[in-house]
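Chemist: Just dropping this structure here.
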Amino acid sequence: MTPATATVRADCSADRAGTLTFDLTAPAPPDSVLLLRRRGAAGGRPGGAVRIPLSRPAPGRLRAVLPAAAELAEGRWDTYVEEPGDEPAEAVVAPGLRDLRALVDRCPDTGAASVSARVPYPTPDGRLAVRSWVRAPHAEAGHVLAGPAGVTVHGVLYGVEAGEGAAVEARLPGGPDRVHSVPLTAPGPDGPAGSFAFTLPYAPPAAGPVDGVRLWQLWLVPAAGAAGVRISRILDDVWSRSKSFVYPTRAPAPGVLATPCYTSANDLCLRLEPGPANR
């Protein structure tokens, strides 16, 4: 396949169901397609490619539609216009206008077996990409309050119901003994179906040595002995929350700072790091 050639520009829009529409203004030969190519992931997982036919809704306009029901594996997908031929040429797609208002505060059916989300976004080098999540089940984080002694989180659980022994675990990768658990609570009868809440004190994770940045991952365990569900926030138009959602920092112990945070994949964590001993 020939290398990427000229750059074209695409406007993007989304509807409440999650269908994405790409409108391009560049001309293209007949039978060209919009190509989505998944970046290879860590651990040797393969990428992948999805080709979407281009229609011509008006003179000088090209359109590709990615239905909400179409499969798109979790990851980051770069976009190209692929022109037909013995050696297909690819044109890089640059981001135009992005109307993603319909994605804000989406509320899928809590009984759905899986939850998916796709957000078009501009890459640092000026390309158009799509961030895709596929979670089955899924724990969607909502309001996060960084209190003086612990972090309180409200959210909604999809694809599984919380039962007896439901809890949230703060896990530090690297060993099964690095886990702190707190019970899950329901926020009340007036909350939406699947609602949950919990408060995680800072002190237990901060009790061990903190000689560098430590990210404690937050997992919801729906019932005693059940598999954990990663707590994330994906049901809106934000493709990466790591720098845009910033919470207050607390000092649960001398020389230790604790801050709720999101990763670049929008997974919720508690970050511990060394700080001034007198803070």
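In the structure tokens, each chain is lettered A, B, ... as it comes, each chain's residues begin at 1, and ligands are numbered from 1 in order of appearance.
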Can you tell me, as a ChimeraX atom specification, which residues in segment 31-260 of chain A count as alpha helix (DSSP H) by DSSP?

Modeler: /A:203-206

Chemist: Counting only C-alpha atoms, what is within 12 Å of Pro209 of chain A, bar same-chain residues fewer than 2 positions away, as a PyMOL selection string?

Modeler: chain A and resi 178+204-207+211-214+253-256+272-274

Chemist: Write out, as a CSV table (one decimal), in the first residue's frame, the residues just selected, with all heavy atoms.

Modeler:
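The new file again_6.csv reads:
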```
chain,number,residue,atom,x,y,z
A,178,ARG,N,-1.9,-5.5,47.4
A,178,ARG,CA,-2.0,-4.0,47.3
A,178,ARG,C,-3.4,-3.7,46.9
A,178,ARG,O,-3.6,-3.2,45.8
A,178,ARG,CB,-1.0,-3.5,46.3
A,178,ARG,CG,0.5,-3.7,46.7
A,178,ARG,CD,1.4,-3.1,45.7
A,178,ARG,NE,2.8,-3.0,46.2
A,178,ARG,CZ,3.8,-2.4,45.6
A,178,ARG,NH1,3.6,-1.8,44.4
A,178,ARG,NH2,5.0,-2.4,46.1
A,204,PRO,N,-5.7,4.6,54.0
A,204,PRO,CA,-5.1,3.2,53.8
A,204,PRO,C,-4.1,3.1,52.6
A,204,PRO,O,-3.0,2.6,52.8
A,204,PRO,CB,-6.4,2.4,53.5
A,204,PRO,CG,-7.5,3.1,54.3
A,204,PRO,CD,-7.1,4.6,54.0
A,205,PRO,N,-4.4,3.7,51.4
A,205,PRO,CA,-3.4,3.6,50.4
A,205,PRO,C,-2.1,4.4,50.7
A,205,PRO,O,-1.0,4.0,50.3
A,205,PRO,CB,-4.1,4.2,49.2
A,205,PRO,CG,-5.6,4.0,49.4
A,205,PRO,CD,-5.7,4.2,50.9
A,206,ALA,N,-2.3,5.4,51.5
A,206,ALA,CA,-1.1,6.3,51.8
A,206,ALA,C,-0.3,5.7,53.0
A,206,ALA,O,0.8,6.3,53.3
A,206,ALA,CB,-1.6,7.7,52.2
A,207,ALA,N,-0.7,4.6,53.6
A,207,ALA,CA,0.0,4.0,54.7
A,207,ALA,C,1.3,3.4,54.3
A,207,ALA,O,2.2,3.3,55.1
A,207,ALA,CB,-0.9,3.0,55.4
A,211,ASP,N,7.3,6.4,47.4
A,211,ASP,CA,8.6,7.0,46.9
A,211,ASP,C,8.5,7.4,45.5
A,211,ASP,O,9.6,7.7,44.9
A,211,ASP,CB,9.7,5.9,47.1
A,211,ASP,CG,9.3,4.6,46.5
A,211,ASP,OD1,8.3,4.5,45.8
A,211,ASP,OD2,10.2,3.7,46.6
A,212,GLY,N,7.4,7.5,44.9
A,212,GLY,CA,7.2,8.0,43.5
A,212,GLY,C,5.7,8.1,43.2
A,212,GLY,O,4.9,7.8,44.1
A,213,VAL,N,5.3,8.4,42.0
A,213,VAL,CA,3.9,8.5,41.7
A,213,VAL,C,3.3,7.1,41.6
A,213,VAL,O,3.9,6.2,41.0
A,213,VAL,CB,3.7,9.2,40.3
A,213,VAL,CG1,2.3,9.2,39.9
A,213,VAL,CG2,4.3,10.6,40.4
A,214,ARG,N,2.2,6.9,42.3
A,214,ARG,CA,1.5,5.6,42.4
A,214,ARG,C,0.1,5.8,41.9
A,214,ARG,O,-0.6,6.6,42.5
A,214,ARG,CB,1.6,5.0,43.8
A,214,ARG,CG,3.0,4.7,44.3
A,214,ARG,CD,3.6,3.5,43.5
A,214,ARG,NE,4.9,3.2,44.1
A,214,ARG,CZ,6.1,3.6,43.6
A,214,ARG,NH1,6.0,4.4,42.5
A,214,ARG,NH2,7.2,3.3,44.1
A,253,ALA,N,-1.2,12.1,54.8
A,253,ALA,CA,-0.1,11.7,55.7
A,253,ALA,C,1.1,12.6,55.5
A,253,ALA,O,1.2,13.2,54.4
A,253,ALA,CB,0.3,10.2,55.5
A,254,PRO,N,1.9,12.8,56.4
A,254,PRO,CA,3.1,13.6,56.2
A,254,PRO,C,3.9,13.1,55.0
A,254,PRO,O,4.3,12.0,54.9
A,254,PRO,CB,3.9,13.5,57.5
A,254,PRO,CG,2.9,13.1,58.6
A,254,PRO,CD,1.9,12.3,57.8
A,255,GLY,N,4.2,14.0,54.1
A,255,GLY,CA,5.0,13.7,53.0
A,255,GLY,C,4.3,13.0,51.9
A,255,GLY,O,5.0,12.5,50.9
A,256,VAL,N,3.0,12.9,51.9
A,256,VAL,CA,2.2,12.2,50.9
A,256,VAL,C,1.1,13.1,50.4
A,256,VAL,O,0.4,13.7,51.2
A,256,VAL,CB,1.6,10.9,51.4
A,256,VAL,CG1,0.8,10.2,50.4
A,256,VAL,CG2,2.7,10.0,52.0
A,272,LEU,N,-1.2,8.9,44.2
A,272,LEU,CA,-0.4,9.2,45.4
A,272,LEU,C,1.0,9.6,44.9
A,272,LEU,O,1.6,8.9,44.0
A,272,LEU,CB,-0.4,8.1,46.4
A,272,LEU,CG,-1.7,7.6,47.0
A,272,LEU,CD1,-1.5,6.5,48.0
A,272,LEU,CD2,-2.4,8.8,47.7
A,273,GLU,N,1.6,10.6,45.6
A,273,GLU,CA,3.0,11.0,45.2
A,273,GLU,C,3.6,11.7,46.4
A,273,GLU,O,2.9,12.1,47.3
A,273,GLU,CB,3.0,11.9,44.0
A,273,GLU,CG,2.1,13.2,44.2
A,273,GLU,CD,1.9,13.9,42.9
A,273,GLU,OE1,2.9,14.0,42.1
A,273,GLU,OE2,0.8,14.5,42.7
A,274,PRO,N,4.9,11.7,46.5
A,274,PRO,CA,5.6,12.4,47.6
A,274,PRO,C,5.3,13.8,47.6
A,274,PRO,O,5.1,14.5,46.5
A,274,PRO,CB,7.1,12.1,47.3
A,274,PRO,CG,7.1,10.9,46.4
A,274,PRO,CD,5.9,11.1,45.6
```

Chemist: Mind checking which residues fall within 6 Å of segment 11-21 of chain A, counting only C-alpha atoms, ignoring those fewer than 6 positions away in the same chain, and posting them as a compact mmCIF listing (two decimals) with N, CA and C atoms, in the first residue's frame?

Modeler:
```txt
# COMPACT_ATOMS: atom_id res chain seq x y z
N ALA A 64 -19.45 9.85 4.89
CA ALA A 64 -19.33 8.49 5.41
C ALA A 64 -20.07 8.44 6.74
N VAL A 65 -20.79 7.35 6.98
CA VAL A 65 -21.59 7.20 8.20
C VAL A 65 -21.15 5.93 8.91
N LEU A 66 -20.74 6.08 10.16
CA LEU A 66 -20.41 4.94 11.01
C LEU A 66 -21.57 4.72 11.97
N PRO A 67 -22.42 3.71 11.71
CA PRO A 67 -23.59 3.50 12.59
C PRO A 67 -23.18 3.13 14.00
N ALA A 68 -24.03 3.48 14.95
CA ALA A 68 -23.75 3.14 16.34
C ALA A 68 -23.63 1.64 16.54
N GLY A 96 -12.03 18.91 10.91
CA GLY A 96 -12.73 20.16 10.65
C GLY A 96 -13.59 20.49 11.86
N LEU A 97 -14.82 20.93 11.61
CA LEU A 97 -15.75 21.20 12.70
C LEU A 97 -16.21 19.88 13.31
N ARG A 98 -16.35 19.87 14.64
CA ARG A 98 -16.83 18.67 15.33
C ARG A 98 -18.03 19.05 16.19
N ASP A 99 -19.22 18.60 15.79
CA ASP A 99 -20.44 18.85 16.54
C ASP A 99 -20.79 17.58 17.31
N LEU A 100 -20.36 17.53 18.57
CA LEU A 100 -20.52 16.33 19.39
C LEU A 100 -21.43 16.57 20.58
N ALA A 102 -24.47 16.01 21.05
CA ALA A 102 -25.40 14.94 21.34
C ALA A 102 -24.79 13.85 22.21
N LEU A 103 -23.46 13.81 22.32
CA LEU A 103 -22.81 12.78 23.12
C LEU A 103 -22.77 13.11 24.61
```

Chemist: Report as a ChimeraX atom specification all protein, DNA and RNA residues lying within 12 Å of Arg131 of chain A, evaluated on only C-alpha atoms, omitting residues in the same chain fewer than 4 positions from it.

Modeler: /A:20,36-39,72-79,116-123,234-240,264-266

Chemist: Calculate how many Å separate atom CA of Pro187 of chain A from atom CA of Glu169 of chain A, rounding to one decimal.

Modeler: 18.2 Å

Chemist: I'd like the contact shell of Phe245 of chain A - 12 Å cut-off, only C-alpha atoms, skipping same-chain residues fewer than 3 positions apart - returned as an mmCIF file with C-alpha atoms, in the first residue's frame.

Modeler:
```cif
data_model
loop_
_atom_site.group_PDB
_atom_site.id
_atom_site.type_symbol
_atom_site.label_atom_id
_atom_site.label_comp_id
_atom_site.auth_asym_id
_atom_site.auth_seq_id
_atom_site.Cartn_x
_atom_site.Cartn_y
_atom_site.Cartn_z
ATOM 1 C CA HIS A 143 -19.720 13.408 40.234
ATOM 2 C CA VAL A 144 -16.304 13.156 41.920
ATOM 3 C CA ARG A 233 -16.098 8.052 32.369
ATOM 4 C CA VAL A 238 -14.261 14.125 26.071
ATOM 5 C CA TRP A 239 -11.710 11.805 24.460
ATOM 6 C CA SER A 240 -9.037 12.227 27.157
ATOM 7 C CA ARG A 241 -9.633 13.551 30.672
ATOM 8 C CA SER A 242 -6.098 13.222 32.040
ATOM 9 C CA PRO A 248 -7.926 19.180 44.511
ATOM 10 C CA THR A 259 -5.356 13.378 44.098
ATOM 11 C CA PRO A 260 -8.273 11.768 42.223
ATOM 12 C CA CYS A 261 -7.474 11.714 38.517
ATOM 13 C CA TYR A 262 -8.297 10.181 35.147
ATOM 14 C CA THR A 263 -5.878 8.418 32.845
ATOM 15 C CA SER A 264 -5.613 9.244 29.132
ATOM 16 C CA ASN A 266 -10.587 8.042 30.961
ATOM 17 C CA ASP A 267 -10.186 5.425 33.708
ATOM 18 C CA LEU A 268 -10.573 6.786 37.253
#
```

Chemist: Taking 5 positions as the minimum chain separation for residues in the same chain, which residues sit within 9 Å of Thr152 of chain A when counting only C-alpha atoms? Answer as a ChimeraX atom specification.

Modeler: /A:143-147,197-201

Chemist: Would you work out the distance separating atom CA of Trp133 of chain A from atom CA of Ala49 of chain A, expressed in Å to one decimal?

Modeler: 15.8 Å

Chemist: For atom CA of Val130 of chain A and atom CA of Pro29 of chain A, quote the distance in Å rounded to one decimal.

Modeler: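 One can read the atom CA of Val130 of chain A to atom CA of Pro29 of chain A distance as 24.1 Å.
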
Chemist: Give me the residues within 6 Å of segment 221-228 of chain A as a ChimeraX atom specification, counting only C-alpha atoms and dropping any in the same chain fewer than 5 places off.

Modeler: /A:162-168

Chemist: Could you find all residues in segment 21-65 of chain A that DSSP calls strand (DSSP E) from the backbone, and write them as a VMD selection string?

Modeler: chain A and resid 21 to 24 33 to 38 48 to 53 62 to 65

Chemist: Any chance you could export the current selection's all heavy atoms as a compact mmCIF listing (two decimals), in the first residue's frame?

Modeler:
```txt
# COMPACT_ATOMS: atom_id res chain seq x y z
N THR A 21 -21.12 10.83 11.72
CA THR A 21 -21.18 11.22 10.31
C THR A 21 -19.97 12.08 9.99
O THR A 21 -19.67 13.03 10.71
CB THR A 21 -22.47 11.98 10.01
OG1 THR A 21 -23.60 11.15 10.30
CG2 THR A 21 -22.53 12.40 8.54
N PHE A 22 -19.27 11.71 8.92
CA PHE A 22 -18.09 12.43 8.47
C PHE A 22 -18.41 13.09 7.13
O PHE A 22 -18.77 12.39 6.16
CB PHE A 22 -16.90 11.48 8.29
CG PHE A 22 -16.54 10.70 9.52
CD1 PHE A 22 -17.20 9.52 9.82
CD2 PHE A 22 -15.54 11.14 10.38
CE1 PHE A 22 -16.87 8.77 10.95
CE2 PHE A 22 -15.20 10.42 11.50
CZ PHE A 22 -15.87 9.23 11.80
N ASP A 23 -18.31 14.40 7.04
CA ASP A 23 -18.54 15.14 5.80
C ASP A 23 -17.21 15.71 5.31
O ASP A 23 -16.57 16.51 6.00
CB ASP A 23 -19.55 16.27 6.01
CG ASP A 23 -20.97 15.74 6.07
OD1 ASP A 23 -21.32 14.90 5.22
OD2 ASP A 23 -21.73 16.17 6.95
N LEU A 24 -16.81 15.30 4.09
CA LEU A 24 -15.54 15.72 3.50
C LEU A 24 -15.80 16.62 2.30
O LEU A 24 -16.79 16.43 1.59
CB LEU A 24 -14.71 14.51 3.07
CG LEU A 24 -14.28 13.52 4.17
CD1 LEU A 24 -15.39 12.52 4.48
CD2 LEU A 24 -13.03 12.77 3.74
N VAL A 33 -13.12 5.08 -0.20
CA VAL A 33 -13.76 4.78 1.09
C VAL A 33 -13.06 5.58 2.18
O VAL A 33 -11.91 6.03 2.02
CB VAL A 33 -13.70 3.27 1.42
CG1 VAL A 33 -14.45 2.45 0.39
CG2 VAL A 33 -12.26 2.81 1.56
N LEU A 34 -13.78 5.77 3.30
CA LEU A 34 -13.15 6.30 4.49
C LEU A 34 -12.55 5.12 5.25
O LEU A 34 -13.27 4.18 5.60
CB LEU A 34 -14.16 7.05 5.36
CG LEU A 34 -13.57 7.73 6.60
CD1 LEU A 34 -12.72 8.94 6.19
CD2 LEU A 34 -14.66 8.16 7.58
N LEU A 35 -11.27 5.17 5.49
CA LEU A 35 -10.56 4.07 6.15
C LEU A 35 -10.26 4.46 7.59
O LEU A 35 -9.66 5.50 7.85
CB LEU A 35 -9.25 3.78 5.40
CG LEU A 35 -8.27 2.83 6.08
CD1 LEU A 35 -8.86 1.43 6.20
CD2 LEU A 35 -6.94 2.80 5.31
N LEU A 36 -10.69 3.63 8.52
CA LEU A 36 -10.31 3.77 9.93
C LEU A 36 -9.32 2.66 10.25
O LEU A 36 -9.63 1.48 10.07
CB LEU A 36 -11.53 3.66 10.84
CG LEU A 36 -12.68 4.65 10.62
CD1 LEU A 36 -13.78 4.41 11.64
CD2 LEU A 36 -12.18 6.08 10.70
N ARG A 37 -8.13 3.04 10.71
CA ARG A 37 -7.11 2.05 11.03
C ARG A 37 -6.76 2.15 12.51
O ARG A 37 -6.35 3.20 13.00
CB ARG A 37 -5.86 2.25 10.18
CG ARG A 37 -4.77 1.21 10.50
CD ARG A 37 -3.55 1.35 9.62
NE ARG A 37 -3.86 0.98 8.25
CZ ARG A 37 -3.63 1.76 7.20
NH1 ARG A 37 -3.14 2.98 7.37
NH2 ARG A 37 -3.91 1.35 5.99
N ARG A 38 -6.91 1.05 13.20
CA ARG A 38 -6.64 1.02 14.64
C ARG A 38 -5.14 0.91 14.89
O ARG A 38 -4.46 0.09 14.28
CB ARG A 38 -7.36 -0.16 15.29
CG ARG A 38 -7.18 -0.26 16.80
CD ARG A 38 -8.07 -1.37 17.34
NE ARG A 38 -7.89 -1.57 18.77
CZ ARG A 38 -7.07 -2.46 19.31
NH1 ARG A 38 -6.35 -3.25 18.52
NH2 ARG A 38 -6.96 -2.59 20.61
N GLY A 48 -6.17 -3.15 13.20
CA GLY A 48 -7.37 -3.53 12.47
C GLY A 48 -7.75 -2.41 11.53
O GLY A 48 -7.17 -1.31 11.59
N ALA A 49 -8.69 -2.67 10.64
CA ALA A 49 -9.13 -1.66 9.68
C ALA A 49 -10.62 -1.81 9.45
O ALA A 49 -11.16 -2.91 9.41
CB ALA A 49 -8.37 -1.80 8.37
N VAL A 50 -11.30 -0.67 9.31
CA VAL A 50 -12.72 -0.60 8.98
C VAL A 50 -12.85 0.35 7.79
O VAL A 50 -12.32 1.47 7.83
CB VAL A 50 -13.56 -0.11 10.17
CG1 VAL A 50 -15.00 0.12 9.74
CG2 VAL A 50 -13.50 -1.11 11.31
N ARG A 51 -13.55 -0.10 6.75
CA ARG A 51 -13.76 0.73 5.55
C ARG A 51 -15.23 1.10 5.45
O ARG A 51 -16.10 0.22 5.51
CB ARG A 51 -13.27 -0.02 4.31
CG ARG A 51 -11.75 -0.15 4.25
CD ARG A 51 -11.28 -1.05 3.12
NE ARG A 51 -9.82 -0.97 2.98
CZ ARG A 51 -8.97 -1.68 3.73
NH1 ARG A 51 -9.44 -2.52 4.64
NH2 ARG A 51 -7.67 -1.54 3.54
N ILE A 52 -15.49 2.40 5.26
CA ILE A 52 -16.85 2.91 5.20
C ILE A 52 -17.07 3.54 3.83
O ILE A 52 -16.29 4.42 3.42
CB ILE A 52 -17.09 3.98 6.30
CG1 ILE A 52 -16.67 3.45 7.67
CG2 ILE A 52 -18.55 4.40 6.32
CD1 ILE A 52 -16.69 4.50 8.76
N PRO A 53 -18.08 3.11 3.09
CA PRO A 53 -18.32 3.70 1.76
C PRO A 53 -18.58 5.20 1.85
O PRO A 53 -19.15 5.70 2.82
CB PRO A 53 -19.56 2.94 1.26
CG PRO A 53 -19.63 1.70 2.09
CD PRO A 53 -19.05 2.06 3.43
N LEU A 62 -18.57 14.73 0.16
CA LEU A 62 -18.49 13.30 0.39
C LEU A 62 -18.94 13.02 1.82
O LEU A 62 -18.66 13.82 2.72
CB LEU A 62 -17.06 12.80 0.19
CG LEU A 62 -16.46 12.95 -1.22
CD1 LEU A 62 -14.99 12.58 -1.19
CD2 LEU A 62 -17.21 12.08 -2.20
N ARG A 63 -19.60 11.90 2.01
CA ARG A 63 -20.11 11.59 3.35
C ARG A 63 -19.89 10.11 3.66
O ARG A 63 -20.11 9.24 2.82
CB ARG A 63 -21.60 11.92 3.46
CG ARG A 63 -22.24 11.49 4.79
CD ARG A 63 -23.64 12.05 4.93
NE ARG A 63 -23.57 13.52 5.08
CZ ARG A 63 -24.66 14.29 5.10
NH1 ARG A 63 -25.87 13.76 4.93
NH2 ARG A 63 -24.53 15.60 5.26
N ALA A 64 -19.45 9.85 4.89
CA ALA A 64 -19.33 8.49 5.41
C ALA A 64 -20.07 8.44 6.74
O ALA A 64 -19.97 9.37 7.56
CB ALA A 64 -17.87 8.11 5.60
N VAL A 65 -20.79 7.35 6.98
CA VAL A 65 -21.59 7.20 8.20
C VAL A 65 -21.15 5.93 8.91
O VAL A 65 -21.17 4.83 8.32
CB VAL A 65 -23.09 7.16 7.89
CG1 VAL A 65 -23.89 6.94 9.18
CG2 VAL A 65 -23.54 8.44 7.21
```

Chemist: Of the residues A:Pro252, A:Ala186, A:Trp216, A:Ala69, which is the one nearest to Arg230 of chain A, using only C-alpha atoms?

Modeler: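 Among the listed residues, A:Trp216 lies closest to Arg230 of chain A.
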